[in-house]
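**Student:** query.cif (mmCIF, C-alpha atoms) pasted underneath:
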data_target
loop_
_atom_site.group_PDB
_atom_site.id
_atom_site.type_symbol
_atom_site.label_atom_id
_atom_site.label_comp_id
_atom_site.auth_asym_id
_atom_site.auth_seq_id
_atom_site.Cartn_x
_atom_site.Cartn_y
_atom_site.Cartn_z
ATOM 1 C CA MET A 1 -4.071 28.421 -8.750
ATOM 2 C CA PRO A 2 -3.227 24.917 -9.931
ATOM 3 C CA HIS A 3 -1.450 24.137 -6.643
ATOM 4 C CA LEU A 4 -4.287 25.079 -4.310
ATOM 5 C CA ASP A 5 -5.280 21.443 -3.651
ATOM 6 C CA ALA A 6 -1.713 20.583 -2.652
ATOM 7 C CA ALA A 7 -1.569 23.684 -0.481
ATOM 8 C CA TYR A 8 -4.838 22.776 1.220
ATOM 9 C CA ALA A 9 -3.650 19.222 1.938
ATOM 10 C CA LEU A 10 -0.394 20.468 3.447
ATOM 11 C CA ALA A 11 -2.112 23.112 5.580
ATOM 12 C CA ARG A 12 -4.782 20.632 6.695
ATOM 13 C CA TYR A 13 -2.156 18.219 7.976
ATOM 14 C CA LEU A 14 -0.155 20.929 9.689
ATOM 15 C CA ILE A 15 -3.076 22.880 11.184
ATOM 16 C CA ASN A 16 -5.973 21.101 12.846
ATOM 17 C CA ASP A 17 -8.591 23.852 12.807
ATOM 18 C CA PRO A 18 -10.489 24.076 9.462
ATOM 19 C CA SER A 19 -11.136 27.803 9.866
ATOM 20 C CA GLU A 20 -7.420 28.398 10.472
ATOM 21 C CA VAL A 21 -6.613 26.332 7.371
ATOM 22 C CA GLU A 22 -8.832 28.632 5.329
ATOM 23 C CA ASP A 23 -7.118 31.671 6.852
ATOM 24 C CA VAL A 24 -3.688 30.197 6.107
ATOM 25 C CA LEU A 25 -4.637 29.565 2.491
ATOM 26 C CA GLN A 26 -6.095 33.025 2.106
ATOM 27 C CA ASP A 27 -2.964 34.619 3.543
ATOM 28 C CA ALA A 28 -0.737 32.385 1.415
ATOM 29 C CA VAL A 29 -2.591 33.290 -1.785
ATOM 30 C CA LEU A 30 -2.347 36.989 -0.926
ATOM 31 C CA ARG A 31 1.380 36.647 -0.252
ATOM 32 C CA GLY A 32 1.812 34.634 -3.433
ATOM 33 C CA VAL A 33 0.157 37.375 -5.479
ATOM 34 C CA GLN A 34 2.090 40.076 -3.635
ATOM 35 C CA TYR A 35 5.453 38.388 -4.182
ATOM 36 C CA PHE A 36 4.771 36.698 -7.521
ATOM 37 C CA ASN A 37 7.474 38.845 -9.110
ATOM 38 C CA THR A 38 10.060 37.081 -6.895
ATOM 39 C CA LEU A 39 9.315 33.722 -8.537
ATOM 40 C CA GLU A 40 12.060 33.160 -11.046
ATOM 41 C CA HIS A 41 11.072 31.736 -14.416
ATOM 42 C CA ASP A 42 12.974 28.480 -13.913
ATOM 43 C CA ASN A 43 11.781 27.917 -10.310
ATOM 44 C CA ASN A 44 9.207 25.333 -9.344
ATOM 45 C CA ALA A 45 5.988 27.274 -8.717
ATOM 46 C CA ARG A 46 4.506 24.431 -6.658
ATOM 47 C CA ALA A 47 7.453 24.311 -4.265
ATOM 48 C CA TRP A 48 7.498 28.112 -4.098
ATOM 49 C CA PHE A 49 3.804 28.299 -3.176
ATOM 50 C CA LEU A 50 3.996 25.413 -0.674
ATOM 51 C CA THR A 51 6.882 27.227 1.005
ATOM 52 C CA ILE A 52 4.583 30.205 1.502
ATOM 53 C CA VAL A 53 1.843 27.927 2.886
ATOM 54 C CA ARG A 54 4.303 26.280 5.278
ATOM 55 C CA ARG A 55 5.494 29.664 6.549
ATOM 56 C CA GLU A 56 1.905 30.770 7.104
ATOM 57 C CA CYS A 57 1.308 27.588 9.124
ATOM 58 C CA TYR A 58 4.312 28.407 11.290
ATOM 59 C CA THR A 59 2.910 31.904 11.804
ATOM 60 C CA VAL A 60 -0.315 30.339 13.100
ATOM 61 C CA TRP A 61 1.680 28.078 15.424
ATOM 62 C CA SER A 62 3.635 30.997 16.817
ATOM 63 C CA ARG A 63 0.390 32.907 17.414
ATOM 64 C CA ARG A 64 -1.090 29.926 19.209
ATOM 65 C CA ASP A 65 2.128 29.382 21.147
ATOM 66 C CA GLU A 66 1.336 25.729 21.670
ATOM 67 C CA LYS A 67 2.189 22.364 20.247
ATOM 68 C CA MET A 68 0.478 21.204 17.072
ATOM 69 C CA ASP A 69 -2.751 19.300 17.570
ATOM 70 C CA SER A 70 -3.574 15.954 16.028
ATOM 71 C CA VAL A 71 -5.087 16.049 12.579
ATOM 72 C CA SER A 72 -8.740 15.252 12.285
ATOM 73 C CA LEU A 73 -9.962 12.176 10.502
ATOM 74 C CA ASP A 74 -11.293 13.994 7.471
ATOM 75 C CA THR A 75 -7.838 14.923 6.154
ATOM 76 C CA MET A 76 -7.199 11.725 4.230
ATOM 77 C CA PRO A 77 -9.061 11.168 0.991
ATOM 78 C CA GLU A 78 -11.803 8.593 1.122
ATOM 79 C CA LEU A 79 -11.179 5.243 -0.503
ATOM 80 C CA GLU A 80 -14.187 4.573 -2.673
ATOM 81 C CA ASP A 81 -15.209 1.160 -3.875
ATOM 82 C CA VAL A 82 -18.859 0.397 -4.414
ATOM 83 C CA ALA A 83 -18.206 -3.346 -4.561
ATOM 84 C CA ILE A 84 -17.030 -3.726 -0.963
ATOM 85 C CA SER A 85 -19.021 -5.259 1.833
ATOM 86 C CA PRO A 86 -20.019 -3.358 4.976
ATOM 87 C CA GLU A 87 -17.368 -5.314 6.901
ATOM 88 C CA GLN A 88 -14.687 -4.300 4.406
ATOM 89 C CA ALA A 89 -15.868 -0.693 4.563
ATOM 90 C CA ALA A 90 -15.618 -0.769 8.357
ATOM 91 C CA GLU A 91 -12.115 -2.265 8.170
ATOM 92 C CA ARG A 92 -11.052 0.444 5.717
ATOM 93 C CA SER A 93 -12.459 3.113 7.977
ATOM 94 C CA LEU A 94 -10.530 1.753 10.961
ATOM 95 C CA LEU A 95 -7.357 1.462 8.887
ATOM 96 C CA ARG A 96 -7.759 5.031 7.662
ATOM 97 C CA GLU A 97 -8.326 6.211 11.226
ATOM 98 C CA ARG A 98 -5.183 4.449 12.450
ATOM 99 C CA ILE A 99 -3.047 5.894 9.656
ATOM 100 C CA VAL A 100 -4.325 9.441 10.168
ATOM 101 C CA HIS A 101 -3.814 9.081 13.917
ATOM 102 C CA ALA A 102 -0.233 7.863 13.413
ATOM 103 C CA VAL A 103 0.609 10.693 10.997
ATOM 104 C CA GLY A 104 -1.102 13.220 13.264
ATOM 105 C CA HIS A 105 1.035 12.230 16.209
ATOM 106 C CA LEU A 106 4.342 12.662 14.420
ATOM 107 C CA PRO A 107 6.309 15.728 15.514
ATOM 108 C CA GLY A 108 5.644 18.673 13.180
ATOM 109 C CA HIS A 109 9.000 18.541 11.393
ATOM 110 C CA LEU A 110 8.472 14.844 10.579
ATOM 111 C CA ARG A 111 4.791 15.235 9.738
ATOM 112 C CA GLU A 112 5.413 17.948 7.163
ATOM 113 C CA VAL A 113 8.082 16.005 5.267
ATOM 114 C CA ILE A 114 6.066 12.767 5.199
ATOM 115 C CA VAL A 115 2.987 14.641 3.935
ATOM 116 C CA LEU A 116 5.033 16.416 1.267
ATOM 117 C CA ARG A 117 6.745 13.205 0.149
ATOM 118 C CA GLU A 118 4.048 10.558 0.426
ATOM 119 C CA LEU A 119 0.843 12.530 -0.146
ATOM 120 C CA GLN A 120 2.103 15.336 -2.384
ATOM 121 C CA GLN A 121 4.760 13.119 -3.995
ATOM 122 C CA LEU A 122 7.319 15.906 -4.079
ATOM 123 C CA SER A 123 10.981 15.213 -4.714
ATOM 124 C CA TYR A 124 13.565 15.492 -1.955
ATOM 125 C CA GLU A 125 14.876 18.630 -3.664
ATOM 126 C CA GLU A 126 11.434 20.269 -3.655
ATOM 127 C CA ILE A 127 10.913 19.372 0.004
ATOM 128 C CA ALA A 128 14.325 20.846 0.846
ATOM 129 C CA VAL A 129 13.297 24.106 -0.806
ATOM 130 C CA ILE A 130 9.918 24.181 0.957
ATOM 131 C CA THR A 131 11.280 23.365 4.415
ATOM 132 C CA GLU A 132 14.428 25.433 3.908
ATOM 133 C CA SER A 133 16.500 22.439 4.993
ATOM 134 C CA PRO A 134 19.509 20.692 3.491
ATOM 135 C CA ILE A 135 18.551 17.689 1.382
ATOM 136 C CA GLY A 136 20.339 15.360 3.811
ATOM 137 C CA THR A 137 18.155 16.649 6.634
ATOM 138 C CA VAL A 138 15.054 16.072 4.503
ATOM 139 C CA MET A 139 16.145 12.521 3.758
ATOM 140 C CA SER A 140 16.841 11.728 7.407
ATOM 141 C CA ARG A 141 13.534 13.244 8.528
ATOM 142 C CA ILE A 142 11.616 11.208 5.966
ATOM 143 C CA SER A 143 13.438 8.102 7.122
ATOM 144 C CA ARG A 144 12.644 8.830 10.778
ATOM 145 C CA ALA A 145 9.002 9.573 9.949
ATOM 146 C CA ARG A 146 8.681 6.304 8.015
ATOM 147 C CA THR A 147 10.285 4.388 10.880
ATOM 148 C CA ARG A 148 7.925 5.922 13.437
ATOM 149 C CA LEU A 149 4.909 5.237 11.229
ATOM 150 C CA ALA A 150 6.021 1.658 10.659
ATOM 151 C CA ASP A 151 6.453 1.197 14.408
ATOM 152 C CA SER A 152 3.022 2.701 15.091
ATOM 153 C CA LEU A 153 1.349 0.547 12.462
ATOM 154 C CA ARG A 154 3.438 -2.611 12.781
ATOM 155 C CA ASP A 155 0.428 -4.672 13.864
ATOM 156 C CA LEU A 156 -1.342 -3.763 10.615
ATOM 157 C CA VAL A 157 1.409 -4.404 8.089
ATOM 158 C CA ASP A 158 4.877 -5.835 8.504
ATOM 159 C CA VAL A 159 6.888 -3.709 6.074
ATOM 160 C CA ASP A 160 10.578 -2.940 5.790
ATOM 161 C CA VAL A 161 10.834 0.860 6.021
ATOM 162 C CA GLY A 162 13.367 0.870 3.183
ATOM 163 C CA GLU A 163 10.653 -0.410 0.830
ATOM 164 C CA MET A 164 8.390 2.616 1.454
ATOM 165 C CA SER A 165 9.527 4.901 -1.394
#
As structure tokens - that is how I would like this structure written.
**Tutor:**
Amino acid sequence: MPHLDAAYALARYLINDPSEVEDVLQDAVLRGVQYFNTLEHDNNARAWFLTIVRRECYTVWSRRDEKMDSVSLDTMPELEDVAISPEQAAERSLLRERIVHAVGHLPGHLREVIVLRELQQLSYEEIAVITESPIGTVMSRISRARTRLADSLRDLVDVDVGEMS
């Protein structure tokens, strides 16, 4: 399963409970194996599998029948640099916490597209397949997510949202 890391990252951002993330991945792998014959030879296996993961996340949400929770702070990869001072390490930790908090408070439909685009580095076309949305909708959601993140983090970095590609 070469796409398991990407699947875990997506599920971790969409579902807050680590045990539910494991359940989602288990169910997604089982579904992937069960429906592997539906994957056409020329299709993108990564997008196909992430679509299954996304659907499993939505199943969890419908079972919970509540709004998505914030993501926990351990969902972003650690930035490692042995040559930094304790003050720099503390600043990085606070920055990381602010970014995760901002992403975690995006509405689910914006959170999923920003995670798929910025963390998984998927194309707009792949995201459209995964989210079962027209490409124009994907593009507008990514734009809105970037705008909201820029607004939330404006005190940290003054960036034109159009530059965030």
**Student:** Using all atoms listed in the file, which protein or nucleic acid residues come within 7 Å of range 134-149 of chain A? Drop anything in the same chain fewer than 2 positions from it, and give the result as a list in words.
**Tutor:**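 Those residues are Ala102, Val103, Leu110, Val113, Ile114, Tyr124, Glu125, Ile127, Ala128, Glu132, Asp151, Ser152, Leu153 and Val161 of chain A.
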**Student:** Could you tell me, as a VMD selection string, exactly which residues end up selected when the PyMOL selection byres ((chain A and resi 31) around 12) is applied to this structure?
**Tutor:** chain A and resid 24 to 30 32 to 39 48 to 53 55 to 56
**Student:** Please compute the CA of Glu22 in chain A-CA of His109 in chain A distance, one decimal, in Å.
**Tutor:**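 CA of His109 in chain A lies 21.4 Å from CA of Glu22 in chain A.
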**Student:** Hey, can you check how far CA of Trp61 in chain A sits from CA of Ile15 in chain A?
**Tutor:**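 The value is 8.2 Å.
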**Student:** Selection in question (the file shown): the PyMOL selection byres ((chain A and resi 8) around 10). Which residues does it include, as a list in words?
**Tutor:**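 Selected by the PyMOL selection byres ((chain A and resi 8) around 10) here: His3, Leu4, Asp5, Ala6, Ala7, Ala9, Leu10, Ala11, Arg12, Tyr13, Leu14, Val21, Glu22, Val24, Leu25, Leu50, Val53 and Thr75 of chain A.
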**Student:** As lines of an AutoDock Vina configuration file, please report the centre and edge lengths, rounded to one decimal in Å, of the axis-aligned box that holds all listed atoms of range 113-123 of chain A with 3 Å of padding on each of the six sides.
**Tutor:**
center_x = 5.9
center_y = 13.5
center_z = 0.3
size_x = 16.1
size_y = 11.9
size_z = 16.0
**Student:** Would you compute the distance between CA of Glu126 in chain A and CA of Ala47 in chain A? Give it in Å to one decimal.
**Tutor:** 5.7 Å
**Student:** Could you check the closest approach to Val60 in chain A for each of A:Arg154, A:Pro107, A:Val115, A:Glu20 and tell me which residue wins, using only C-alpha atoms?
**Tutor:** A:Glu20
**Student:** With all atoms listed in the file as the atoms that count, which of A:Asp17, A:Val100, A:Glu87, A:Leu106 lies nearest to Leu119 in chain A?
**Tutor:**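 Closest residue, counting all atoms listed in the file: A:Val100.
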**Student:** Compare A:Pro2, A:Leu122, A:Arg46, A:Leu156 by their minimum atom-to-atom distance to Leu94 in chain A, counting only C-alpha atoms, and give me the closest one.
**Tutor:**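 Closest candidate: A:Leu156.
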**Student:** Pick from A:Asp155, A:Arg63, A:Gln121, A:Thr131: nearest to Ile99 in chain A, with only C-alpha atoms counted?
**Tutor:**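 Distance minimum relative to Ile99 in chain A lands on A:Asp155.
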